[in-house]
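With compact mmCIF, C-alpha atoms inside, this is protein24.txt:
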# COMPACT_ATOMS: atom_id res chain seq x y z
CA MET A 3 -5.19 -54.19 -14.71
CA MET A 4 -2.83 -51.22 -14.70
CA ALA A 5 0.90 -50.66 -14.69
CA LEU A 6 3.03 -47.63 -14.05
CA ILE A 7 6.51 -47.25 -15.51
CA GLY A 8 8.95 -44.36 -15.79
CA HIS A 9 9.07 -41.85 -12.95
CA VAL A 10 6.06 -43.40 -11.18
CA LEU A 11 8.05 -46.52 -10.28
CA ARG A 12 10.42 -44.57 -8.05
CA TRP A 13 7.80 -44.86 -5.27
CA ARG A 14 7.41 -48.65 -5.39
CA PRO A 15 6.81 -51.34 -8.01
CA LEU A 16 3.17 -52.28 -8.56
CA PRO A 17 3.34 -55.98 -9.53
CA LEU A 18 -0.45 -56.40 -9.53
CA LEU A 19 -0.93 -53.80 -12.24
CA VAL A 20 -0.34 -54.98 -15.79
CA ALA A 21 -1.50 -52.39 -18.40
CA VAL A 22 0.69 -49.39 -19.28
CA PHE A 23 -0.40 -46.00 -17.90
CA LEU A 24 2.54 -43.59 -17.99
CA ALA A 25 5.28 -44.22 -20.53
CA GLY A 26 8.02 -42.02 -19.05
CA CYS A 27 9.19 -38.44 -19.03
CA SER A 28 10.95 -36.30 -21.60
CA ASP A 29 11.53 -32.58 -21.98
CA SER A 30 11.02 -32.86 -25.73
CA ALA A 31 7.39 -34.02 -25.59
CA GLN A 32 4.55 -31.75 -26.58
CA GLU A 33 2.16 -30.54 -23.90
CA GLY A 34 -1.49 -30.53 -24.93
CA ALA A 35 -4.98 -29.93 -23.59
CA VAL A 36 -7.44 -32.82 -23.60
CA GLU A 37 -11.21 -32.79 -23.17
CA THR A 38 -11.91 -34.29 -19.73
CA SER A 39 -15.70 -34.38 -19.31
CA PRO A 40 -16.73 -37.50 -17.32
CA PRO A 41 -17.20 -40.53 -19.60
CA ALA A 42 -20.26 -42.79 -19.59
CA GLY A 43 -18.56 -46.07 -18.70
CA TYR A 44 -15.40 -47.97 -17.84
CA ALA A 45 -14.33 -48.30 -21.47
CA ALA A 46 -14.86 -44.56 -21.92
CA TYR A 47 -12.71 -43.82 -18.87
CA GLU A 48 -9.98 -46.00 -20.33
CA ALA A 49 -10.24 -44.10 -23.61
CA GLN A 50 -9.92 -40.84 -21.67
CA ILE A 51 -6.80 -42.17 -19.93
CA ALA A 52 -5.35 -43.08 -23.33
CA ALA A 53 -6.01 -39.56 -24.64
CA LEU A 54 -4.42 -37.97 -21.57
CA GLN A 55 -1.48 -40.34 -21.87
CA ALA A 56 -1.00 -39.38 -25.51
CA ALA A 57 -0.79 -35.72 -24.53
CA TRP A 58 1.16 -35.96 -21.27
CA GLY A 59 2.85 -39.38 -21.06
CA GLY A 60 6.22 -38.07 -22.26
CA VAL A 61 6.16 -34.69 -20.54
CA ALA A 62 8.76 -34.08 -17.83
CA VAL A 63 7.89 -33.70 -14.16
CA THR A 64 7.66 -30.07 -13.07
CA ASP A 65 10.51 -28.87 -10.85
CA PRO A 66 8.67 -28.21 -7.54
CA ALA A 67 10.80 -25.11 -6.92
CA THR A 68 9.30 -23.49 -10.03
CA LEU A 69 5.64 -23.92 -9.06
CA PRO A 70 3.61 -20.71 -8.78
CA LEU A 71 3.65 -18.90 -5.44
CA SER A 72 0.07 -17.70 -5.79
CA GLY A 73 -3.13 -18.57 -7.56
CA SER A 74 -4.87 -21.89 -8.00
CA ALA A 75 -5.51 -24.57 -10.60
CA ARG A 76 -8.09 -27.27 -11.21
CA TYR A 77 -7.23 -30.61 -12.79
CA ASP A 78 -9.79 -33.03 -14.27
CA GLY A 79 -9.06 -36.60 -15.24
CA VAL A 80 -9.36 -40.24 -14.21
CA LEU A 81 -8.49 -42.11 -11.01
CA ARG A 82 -8.17 -45.89 -11.18
CA LEU A 83 -8.45 -48.37 -8.29
CA ASP A 84 -7.45 -52.03 -8.06
CA SER A 85 -9.14 -53.25 -4.86
CA GLU A 86 -8.50 -56.62 -3.22
CA THR A 87 -11.80 -58.06 -1.94
CA ALA A 88 -13.06 -61.44 -0.77
CA ALA A 89 -14.55 -62.05 -4.21
CA GLY A 90 -11.31 -61.13 -5.99
CA ASN A 91 -9.79 -57.95 -7.35
CA VAL A 92 -12.26 -55.23 -8.34
CA LEU A 93 -11.10 -52.71 -10.96
CA LEU A 94 -12.79 -49.29 -10.81
CA ASP A 95 -12.36 -46.09 -12.84
CA GLY A 96 -13.74 -42.76 -11.68
CA ALA A 97 -13.74 -39.05 -12.54
CA LEU A 98 -11.05 -37.13 -10.65
CA VAL A 99 -11.19 -33.44 -9.72
CA LEU A 100 -8.12 -32.00 -8.00
CA ASP A 101 -8.01 -28.37 -6.79
CA VAL A 102 -4.59 -26.92 -6.01
CA ALA A 103 -3.97 -23.72 -3.97
CA PHE A 104 -0.39 -22.74 -4.71
CA ALA A 105 -0.31 -19.89 -2.16
CA SER A 106 -0.88 -22.33 0.71
CA ASP A 107 0.84 -25.34 -0.91
CA SER A 108 -2.33 -27.34 -0.39
CA LEU A 109 -4.69 -29.43 -2.47
CA SER A 110 -8.10 -31.01 -2.17
CA GLY A 111 -10.67 -32.63 -4.40
CA SER A 112 -12.78 -35.70 -5.01
CA ALA A 113 -13.30 -38.74 -7.21
CA GLY A 114 -16.72 -40.10 -8.13
CA GLY A 115 -18.79 -41.66 -10.86
CA PHE A 116 -16.93 -44.94 -10.43
CA ILE A 117 -17.65 -47.82 -12.78
CA SER A 118 -16.24 -51.34 -12.62
CA GLN A 119 -14.44 -53.13 -15.44
CA GLY A 120 -17.69 -55.01 -15.95
CA GLU A 121 -19.46 -51.67 -16.57
CA VAL A 122 -21.30 -51.73 -13.22
CA PRO A 123 -21.73 -48.29 -11.55
CA TYR A 124 -20.60 -47.80 -7.95
CA ASP A 125 -22.34 -45.15 -5.83
CA GLY A 126 -20.36 -42.82 -3.57
CA THR A 127 -17.56 -40.29 -3.65
CA LEU A 128 -13.98 -40.45 -2.40
CA THR A 129 -12.66 -37.23 -0.83
CA ILE A 130 -9.13 -35.86 -1.23
CA ALA A 131 -8.03 -33.99 1.91
CA ASN A 132 -4.92 -32.97 3.87
CA GLY A 133 -3.03 -32.47 0.61
CA VAL A 134 0.38 -30.81 0.83
CA ILE A 135 2.98 -29.74 -1.73
CA ASP A 136 6.69 -30.20 -1.00
CA ARG A 137 8.58 -27.54 -2.95
CA GLN A 138 11.89 -29.08 -1.86
CA ALA A 139 11.05 -32.57 -3.13
CA ASP A 140 13.66 -34.50 -5.10
CA THR A 141 11.44 -35.87 -7.86
CA SER A 142 14.02 -38.46 -8.86
CA VAL A 143 13.31 -40.38 -5.67
CA GLY A 144 10.06 -38.94 -4.26
CA TYR A 145 6.88 -37.12 -5.10
CA THR A 146 5.89 -33.46 -5.14
CA PHE A 147 2.60 -33.84 -3.29
CA LEU A 148 0.66 -36.25 -1.15
CA ALA A 149 -2.89 -36.38 0.19
CA ASP A 150 -5.43 -38.61 1.90
CA LEU A 151 -8.13 -40.27 -0.20
CA THR A 152 -11.03 -41.66 1.84
CA GLY A 153 -14.67 -42.63 1.51
CA ALA A 154 -17.02 -45.48 0.65
CA LEU A 155 -18.22 -46.90 -2.68
CA THR A 156 -21.17 -49.26 -3.03
CA GLY A 157 -21.86 -51.56 -5.96
CA GLU A 158 -22.70 -55.16 -6.84
CA GLY A 159 -24.16 -55.65 -3.35
CA GLU A 160 -20.97 -54.66 -1.54
CA THR A 161 -19.71 -51.54 0.23
CA LEU A 162 -16.00 -50.79 0.02
CA ASN A 163 -14.50 -48.38 2.58
CA TYR A 164 -11.22 -46.80 1.50
CA ALA A 165 -8.26 -45.29 3.39
CA ILE A 166 -5.64 -44.40 0.78
CA THR A 167 -2.51 -42.29 0.43
CA LEU A 168 -2.21 -40.48 -2.90
CA ASN A 169 1.24 -39.42 -4.20
CA GLY A 170 1.87 -37.38 -7.32
CA ASP A 171 3.73 -34.82 -9.41
CA PHE A 172 2.93 -31.92 -11.67
CA LEU A 173 3.87 -32.25 -15.34
CA GLY A 174 5.25 -29.69 -17.79
CA LEU A 175 6.86 -26.27 -17.51
CA GLN A 176 3.47 -24.74 -16.66
CA ALA A 177 2.30 -27.57 -14.37
CA GLY A 178 -0.45 -28.34 -16.86
CA ALA A 179 -1.18 -31.85 -15.59
CA VAL A 180 -0.80 -34.09 -12.55
CA ALA A 181 -0.01 -37.80 -12.38
CA GLY A 182 0.81 -40.32 -9.70
CA VAL A 183 0.00 -43.46 -7.79
CA LEU A 184 -1.96 -44.47 -4.72
CA GLN A 185 -1.84 -47.22 -2.15
CA GLY A 186 -3.95 -48.04 0.88
CA GLN A 187 -6.52 -50.31 2.43
CA VAL A 188 -10.08 -51.27 1.56
CA VAL A 189 -12.42 -52.63 4.23
CA HIS A 190 -15.35 -54.80 3.18
CA ALA A 191 -17.82 -57.21 4.79
CA ALA A 192 -15.35 -60.12 4.74
CA GLY A 193 -12.34 -58.18 6.08
CA SER A 194 -9.83 -55.92 4.37
CA GLY A 195 -7.44 -55.86 1.44
CA LEU A 196 -4.82 -53.89 -0.42
CA VAL A 197 -5.66 -51.08 -2.82
CA LEU A 198 -3.31 -49.92 -5.56
CA GLY A 199 -3.99 -47.46 -8.34
CA ASP A 200 -2.97 -44.46 -10.41
CA PHE A 201 -4.31 -41.19 -11.76
CA LEU A 202 -3.78 -38.66 -14.51
CA ALA A 203 -5.51 -35.29 -14.89
CA ALA A 204 -5.00 -32.04 -16.77
CA GLN A 205 -6.13 -28.42 -16.55
Please rewrite the model in this file as C-alpha cells.
Amino acid sequence: MMALIGHVLRWRPLPLLVAVFLAGCSDSAQEGAVETSPPAGYAAYEAQIAALQAAWGGVAVTDPATLPLSGSARYDGVLRLDSETAAGNVLLDGALVLDVAFASDSLSGSAGGFISQGEVPYDGTLTIANGVIDRQADTSVGYTFLADLTGALTGEGETLNYAITLNGDFLGLQAGAVAGVLQGQVVHAAGSGLVLGDFLAAQ
C-alpha cells in the first residue's frame, strides 16, 4: 500500500498506506519533466510514480498567490486508490489527467485505465468536477485546491462506486506538477467502505 509524508500529512495521517509516495518539500530540489504516457500495468504505473517522485518529490509547494491569472495547464500522471471492500482492500492505479483553468480558478479532469495490484484491469472512468483553487490558502495547514472525484469501476466481478474528495497543491515556481491526497467512500454489492489514496502528475 501507499504512504504520504511531508506536506501531504498536514491534511490527515493515512495509517492504512504503507509505501512512500512523496518524500517532502525543498526549495533546493531540481524540477524536471517526466514522460507520462499511460503504462501497461500496475507495476508500470508504480514505476511511473517512482519517476515522477524522483523529479518532483523534493520540490516546494507553489505559493497559491503566485499562480498565473490567465491561461491553462494540463497535468498527466498517476492516481492511486486503496478501497475497502467486503473481500478486503483493493489497490488500484490509474492514469490521471487534470486540466486547470487559472483564469477561473477551476479544474476538471478524469482518471481511467485502472489496474489492480494483481494486474487485473478495471473498466470505467472517474470524473474530476467542481474543482476550485484557493489563492489565499495557507499551504502549511491546508491545500491549494479541492475537487470531487466520482464514478464507477468494474473488475474481478465487482462494481465499485466512488464518491471522493480530492485535495492537492501545485509544485515548483512554475507550478509544473500537482500532488495530493484523496479520501471518500466506495459503495459495493456488500455495502460500503473507506477509500484513501494519492496522486502525482506533471505538465
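Our summary of the geometry notes that atom CA of Gln138 of chain A is positioned 17.6 Å from atom CA of Gln176 of chain A.
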**Asked** Using all atoms listed in the file, which residues sit within 9 Å of Thr64 of chain A once same-chain residues fewer than 6 positions away are excluded, as a PyMOL selection string?
**Response** chain A and resi 141+146+171-177
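Minimum atom-to-atom distance to Arg82 of chain A, evaluated using all atoms listed in the file, belongs to A:Ala181 out of A:Ala62, A:Ala53, A:Val189, A:Ala181.
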**Item:** segment 102-113 of chain A environment, 10 Å, all atoms listed in the file, sequence neighbours closer than 6 positions dropped, as a PyMOL selection string
**Value:** chain A and resi 69-82+95-96+126-137+147-153
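Here the question is which of A:Leu94, A:Gly170, A:Gly144, A:Val183 gets nearest to Gly157 of chain A using only C-alpha atoms, and that residue is A:Leu94.
Proximity to Ile117 of chain A was assessed for A:Ala42, A:Val188, A:Ala204, A:Ile166 counting all atoms listed in the file; the smallest distance is recorded for A:Ala42.
Every residue within 8 Å of the file position (-18.6, -47.9, -18.5), judged by all atoms listed in the file, is given as Pro41, Ala42, Gly43, Tyr44, Ala45, Ala46, Tyr47, Ile117, Ser118, Gln119, Gly120, Glu121, Val122 and Pro123 of chain A.
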**Request:** Please work out which residues fall within 8 Å of (-20.7, -48.4, -4.1), coordinates as given in the file, with all atoms listed in the file counting, and return them as JSON, numbers by chain.
**Result:** {"A": [123, 124, 125, 126, 154, 155, 156, 157, 158, 160, 161, 162]}
**Item:** Pick from A:Leu198, A:Ala97, A:Val61, A:Leu83, whichever lies nearest to Val180 of chain A using all atoms listed in the file
**Value:** A:Val61
How big is the axis-aligned box, and where does its centre sit, when it encloses all atoms of segment 89-96 of chain A listed in the file and has 6 Å added on every side, reported in Å to one decimal as lines of an AutoDock Vina configuration file?
center_x = -12.2
center_y = -52.4
center_z = -8.5
size_x = 16.8
size_y = 31.3
size_z = 20.6
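One distance worth recording is that between atom CA of Val197 of chain A and atom CA of Asp65 of chain A, which is 28.6 Å.
Interatomic distance, atom CA of Ala89 of chain A to atom CA of Ala191 of chain A: 10.7 Å.
Nearest-residue note for Phe201 of chain A: choosing from A:Gly115, A:Gln187, A:Gly182, A:Leu100, the minimum distance belongs to A:Gly182, counting all atoms listed in the file.
Among the candidates A:Gly159, A:Gln55, A:Leu98, A:Tyr164, the one nearest to Leu196 of chain A when counting all atoms listed in the file is A:Tyr164.
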